[in-house]
Amino acid sequence: STDVPMSKRSDYVDLCRNIIRDMDLYGVCVLDNFLGYERGMSVLNEVMNLYSMGVFKDGELVRNKASNNLKTIRGDEIIWVDGRENSCKHIGQLISDVDSVVMGSNQMNDNGKLGNYTINGRTKAMVACYPGHGSHYVKHVDNPNKDGRCITAIYYLNKDWDIKENGGLLRIFPEGWSDQVADIEPLFDRILFFWSDRRNPHEVQPAFKTRYAITLWYFD
Ligand SMILES: O=C(O)CNC(=O)c1n[nH]c2ccccc2c1=O
Ligand SMILES: [Fe+2]
C-alpha cells in the first residue's frame with residue numbers, strides 16, 4: 001500500500017476512527033507508519049534537499065540559559081511549502097494524505113464534526129528543522145487566542161532517533177490531566193494530531209541531532 005492514495009487504503013477507515021476516538025478521549029493522537037517506508041523516505045529526501053539548498057529561514061536566536069552563558073543557539077529553522085512546488089511532490093502527497101484523514105475524520109463522526117469543529121481549511125506546510133546543539137522550543141500554546149487554528153498535525157522524519165542520545169522529545173501537558181504529560185518521540189513516519197488551543201501546552205526539549213518535522217494547522 002505504498003502508492004495507494006490514503007483514502008483508498010483498506011485501513012483508511014480505521015485510521016479515521018482512531019483519530020476520532022483519541023482526539024475525543026485525550027485531545028492527542030499518534031499514528032505510526034503513516035506513509036510507509038518508501039514514501040516516508042521520499043519526503044525525507046525532499047526535506048533534506050531543501051535544507052541543503054539553504055532555503056530555510058534562520059531559526060530564532062535563543063540564549064542558551066541551560067549552560068548559563070550568553071552563547072546563543074539557533075532554535076527551529078523553517079520554510080513554508082504548499083506542496084505544488086516542483087521539488088516538493090512527495091511533500092505534496094503527504095499533505096493530501098493528511099487532508100484526507102482529517103477531513104475523513106470530520107465527515108465520519110456521527111455529527112460530521114471532529115470535536116465540535118467543522119474543519120474547512122488549513123495553513124501551508126511548515127517544514128521545520130531543529131539543527132541540534134541544544135536547539136529547542138519553549139513551552140507554548142500554538143493558538144492561545146482563537147486565531148482559527150483548531151488541529152495541529154505534525155509529521156516526523158527522524159530515522160534511527162535515540163531519545164536519550166538525541167533529545168528532541170515533544171512533551172505535551174494536556175489540560176485537565178493534572179500531573180500527566182504526553183511524551184512523544186519525533187520518530188520517522190510518525191504523525192501526531194492535537195488540539196491547537198490552550199488544552200495542549202507543549203515544548204520541544206533540546207535536540208542534539210538535526211531534527212525534521214512537517215506541521216499543518218487546520219482551521220474551522
Ligand atoms: O516539533 C515538534 O515536535 C513540536 N513543534 C512545535 O510545537 C512548534 N510549534 N510552533 C512553532 C512555530 C514556529 C516554528 C516552529 C514551531 C514548532 O516547532
Ligand atoms: Fe507548537
# chains A, B, ... in the order shown; residues from 1 in each chain; ligands from 1
>>> residues_around(residues="Gly59 (chain A)", least_positions_apart="4", cutoff="12 Å", atoms="only C-alpha atoms", output="MDAnalysis selection string")
chainID A and resid 55 72:79 127:132 135:137
>>> select_by_dssp(residues="region 85-160 of chain A", states="helix (DSSP H, G or I)", output="list in words")
Asn86, Ser87, Cys88, Lys89, His90, Ile91, Gly92, Gln93, Leu94, Ile95, Ser96, Asp97, Val98, Asp99, Ser100, Val101, Val102, Met103, Gly104, Ser105, Asn106, Gln107 and Met108 of chain A
>>> write_last_selection(atoms="C-alpha atoms", output="tab-separated table (two decimals), in the first residue's frame")
chain	number	residue	atom	x	y	z
A	86	ASN	CA	8.49	21.08	-8.40
A	87	SER	CA	10.90	19.81	-5.77
A	88	CYS	CA	8.14	19.08	-3.23
A	89	LYS	CA	5.96	16.48	-4.99
A	90	HIS	CA	6.20	13.92	-2.18
A	91	ILE	CA	5.61	16.59	0.47
A	92	GLY	CA	2.53	17.50	-1.57
A	93	GLN	CA	1.33	13.88	-1.48
A	94	LEU	CA	1.87	13.77	2.31
A	95	ILE	CA	-0.25	16.93	2.64
A	96	SER	CA	-3.14	15.44	0.65
A	97	ASP	CA	-2.97	12.24	2.72
A	98	VAL	CA	-3.15	14.24	5.96
A	99	ASP	CA	-6.03	16.25	4.46
A	100	SER	CA	-7.92	13.06	3.65
A	101	VAL	CA	-7.63	11.58	7.15
A	102	VAL	CA	-8.51	14.89	8.83
A	103	MET	CA	-11.47	15.51	6.50
A	104	GLY	CA	-12.39	11.81	6.65
A	105	SER	CA	-12.49	12.01	10.46
A	106	ASN	CA	-14.55	15.15	10.13
A	107	GLN	CA	-17.23	13.54	7.94
A	108	MET	CA	-17.10	10.11	9.61
>>> residues_near_ligand(ligand="ligand 2", cutoff="8 Å", atoms="only C-alpha atoms and all ligand atoms", output="PDB file with C-alpha atoms, in the first residue's frame")
ATOM      1  CA  TYR A 137      11.198  25.335  21.662  1.00  0.00           C
ATOM      2  CA  HIS A 140       3.871  27.299  24.486  1.00  0.00           C
ATOM      3  CA  VAL A 141       0.324  27.002  23.111  1.00  0.00           C
ATOM      4  CA  ASP A 142       0.088  27.063  19.301  1.00  0.00           C
ATOM      5  CA  THR A 152      -2.082  20.755  14.835  1.00  0.00           C
ATOM      6  CA  SER A 196      -4.021  23.627  18.914  1.00  0.00           C
ATOM      7  CA  PRO A 201       0.649  23.479  26.135  1.00  0.00           C
ATOM      8  CA  HIS A 202       3.781  21.737  24.820  1.00  0.00           C
ATOM      9  CA  GLU A 203       7.555  22.080  24.461  1.00  0.00           C
TER      10      GLU A 203
END
>>> residues_around(residues="Asp11 (chain A)", least_positions_apart="3", cutoff="12 Å", atoms="only C-alpha atoms", output="short mmCIF file (atom, residue, chain, number, x, y, z; two decimals) with N, CA, C and O atoms, in the first residue's frame")
data_model
loop_
_atom_site.label_atom_id
_atom_site.label_comp_id
_atom_site.auth_asym_id
_atom_site.auth_seq_id
_atom_site.Cartn_x
_atom_site.Cartn_y
_atom_site.Cartn_z
N SER A 1 0.86 -1.20 0.00
CA SER A 1 0.00 0.00 0.00
C SER A 1 0.89 1.24 0.00
O SER A 1 0.59 2.24 0.63
N VAL A 4 -0.78 3.56 -2.84
CA VAL A 4 -2.25 3.62 -2.84
C VAL A 4 -2.66 4.89 -2.10
O VAL A 4 -2.21 5.10 -0.98
N PRO A 5 -3.43 5.78 -2.75
CA PRO A 5 -3.81 7.01 -2.03
C PRO A 5 -4.48 6.66 -0.71
O PRO A 5 -5.21 5.66 -0.60
N MET A 6 -4.23 7.51 0.28
CA MET A 6 -4.70 7.23 1.64
C MET A 6 -6.19 6.85 1.65
O MET A 6 -6.60 5.88 2.27
N SER A 7 -6.98 7.63 0.91
CA SER A 7 -8.44 7.43 1.04
C SER A 7 -8.87 6.12 0.40
O SER A 7 -10.00 5.68 0.55
N LYS A 8 -7.95 5.44 -0.34
CA LYS A 8 -8.33 4.14 -0.94
C LYS A 8 -7.80 2.99 -0.11
O LYS A 8 -8.01 1.83 -0.40
N ASP A 14 -10.11 2.73 9.52
CA ASP A 14 -9.59 2.51 10.89
C ASP A 14 -8.79 3.72 11.35
O ASP A 14 -8.91 4.15 12.51
N LEU A 15 -7.97 4.28 10.44
CA LEU A 15 -7.17 5.45 10.83
C LEU A 15 -8.07 6.57 11.31
O LEU A 15 -7.86 7.19 12.35
N CYS A 16 -9.14 6.82 10.52
CA CYS A 16 -10.04 7.93 10.87
C CYS A 16 -10.74 7.65 12.20
O CYS A 16 -10.85 8.54 13.05
N ARG A 17 -11.16 6.40 12.40
CA ARG A 17 -11.84 6.07 13.67
C ARG A 17 -10.87 6.26 14.83
O ARG A 17 -11.22 6.77 15.89
N ASN A 18 -9.60 5.88 14.61
CA ASN A 18 -8.55 6.02 15.61
C ASN A 18 -8.39 7.48 16.01
O ASN A 18 -8.34 7.83 17.19
N ASN A 33 3.90 4.66 11.16
CA ASN A 33 3.92 4.11 9.80
C ASN A 33 2.84 4.74 8.92
O ASN A 33 2.10 4.04 8.22
N PHE A 34 2.75 6.04 8.97
CA PHE A 34 1.66 6.73 8.28
C PHE A 34 1.75 6.60 6.75
O PHE A 34 0.75 6.30 6.10
N LEU A 35 2.96 6.82 6.20
CA LEU A 35 3.11 6.74 4.74
C LEU A 35 3.72 5.41 4.30
O LEU A 35 3.63 5.04 3.14
N VAL A 101 -7.25 12.17 5.85
CA VAL A 101 -7.63 11.58 7.15
C VAL A 101 -8.29 12.62 8.06
O VAL A 101 -9.21 12.29 8.80
#
>>> residues_around(residues="region 109-126 of chain A", least_positions_apart="5", cutoff="6 Å", atoms="only C-alpha atoms", output="count of residues only")
11
>>> residues_around(residues="Leu169 (chain A)", least_positions_apart="5", cutoff="7 Å", atoms="only C-alpha atoms", output="number ranges by chain")
A: 163, 183-186, 204-205
>>> write_last_selection(atoms="N, CA, C and O atoms", output="mmCIF file, in the first residue's frame")
data_model
loop_
_atom_site.group_PDB
_atom_site.id
_atom_site.type_symbol
_atom_site.label_atom_id
_atom_site.label_comp_id
_atom_site.auth_asym_id
_atom_site.auth_seq_id
_atom_site.Cartn_x
_atom_site.Cartn_y
_atom_site.Cartn_z
ATOM 1 N N ILE A 163 16.185 8.826 21.696
ATOM 2 C CA ILE A 163 15.741 9.979 22.502
ATOM 3 C C ILE A 163 16.750 10.297 23.606
ATOM 4 O O ILE A 163 16.976 11.465 23.921
ATOM 5 N N ASP A 183 4.592 12.258 26.393
ATOM 6 C CA ASP A 183 5.935 12.361 25.817
ATOM 7 C C ASP A 183 5.951 11.682 24.454
ATOM 8 O O ASP A 183 5.684 10.482 24.364
ATOM 9 N N ILE A 184 6.227 12.450 23.415
ATOM 10 C CA ILE A 184 6.170 11.906 22.060
ATOM 11 C C ILE A 184 7.543 12.015 21.406
ATOM 12 O O ILE A 184 8.109 13.119 21.300
ATOM 13 N N GLU A 185 8.082 10.879 20.987
ATOM 14 C CA GLU A 185 9.382 10.876 20.308
ATOM 15 C C GLU A 185 9.157 11.201 18.836
ATOM 16 O O GLU A 185 8.194 10.722 18.239
ATOM 17 N N PRO A 186 10.027 12.033 18.256
ATOM 18 C CA PRO A 186 9.833 12.514 16.879
ATOM 19 C C PRO A 186 10.290 11.495 15.836
ATOM 20 O O PRO A 186 11.145 11.778 15.001
ATOM 21 N N VAL A 204 9.350 21.574 22.937
ATOM 22 C CA VAL A 204 10.319 20.700 22.267
ATOM 23 C C VAL A 204 11.593 20.770 23.099
ATOM 24 O O VAL A 204 12.202 21.831 23.221
ATOM 25 N N GLN A 205 11.973 19.635 23.662
ATOM 26 C CA GLN A 205 13.153 19.639 24.532
ATOM 27 C C GLN A 205 14.417 19.703 23.670
ATOM 28 O O GLN A 205 14.370 19.390 22.476
#
>>> atom_distance(atom1="CA of Gly168 (chain A)", atom2="CA of Pro206 (chain A)")
5.3 Å
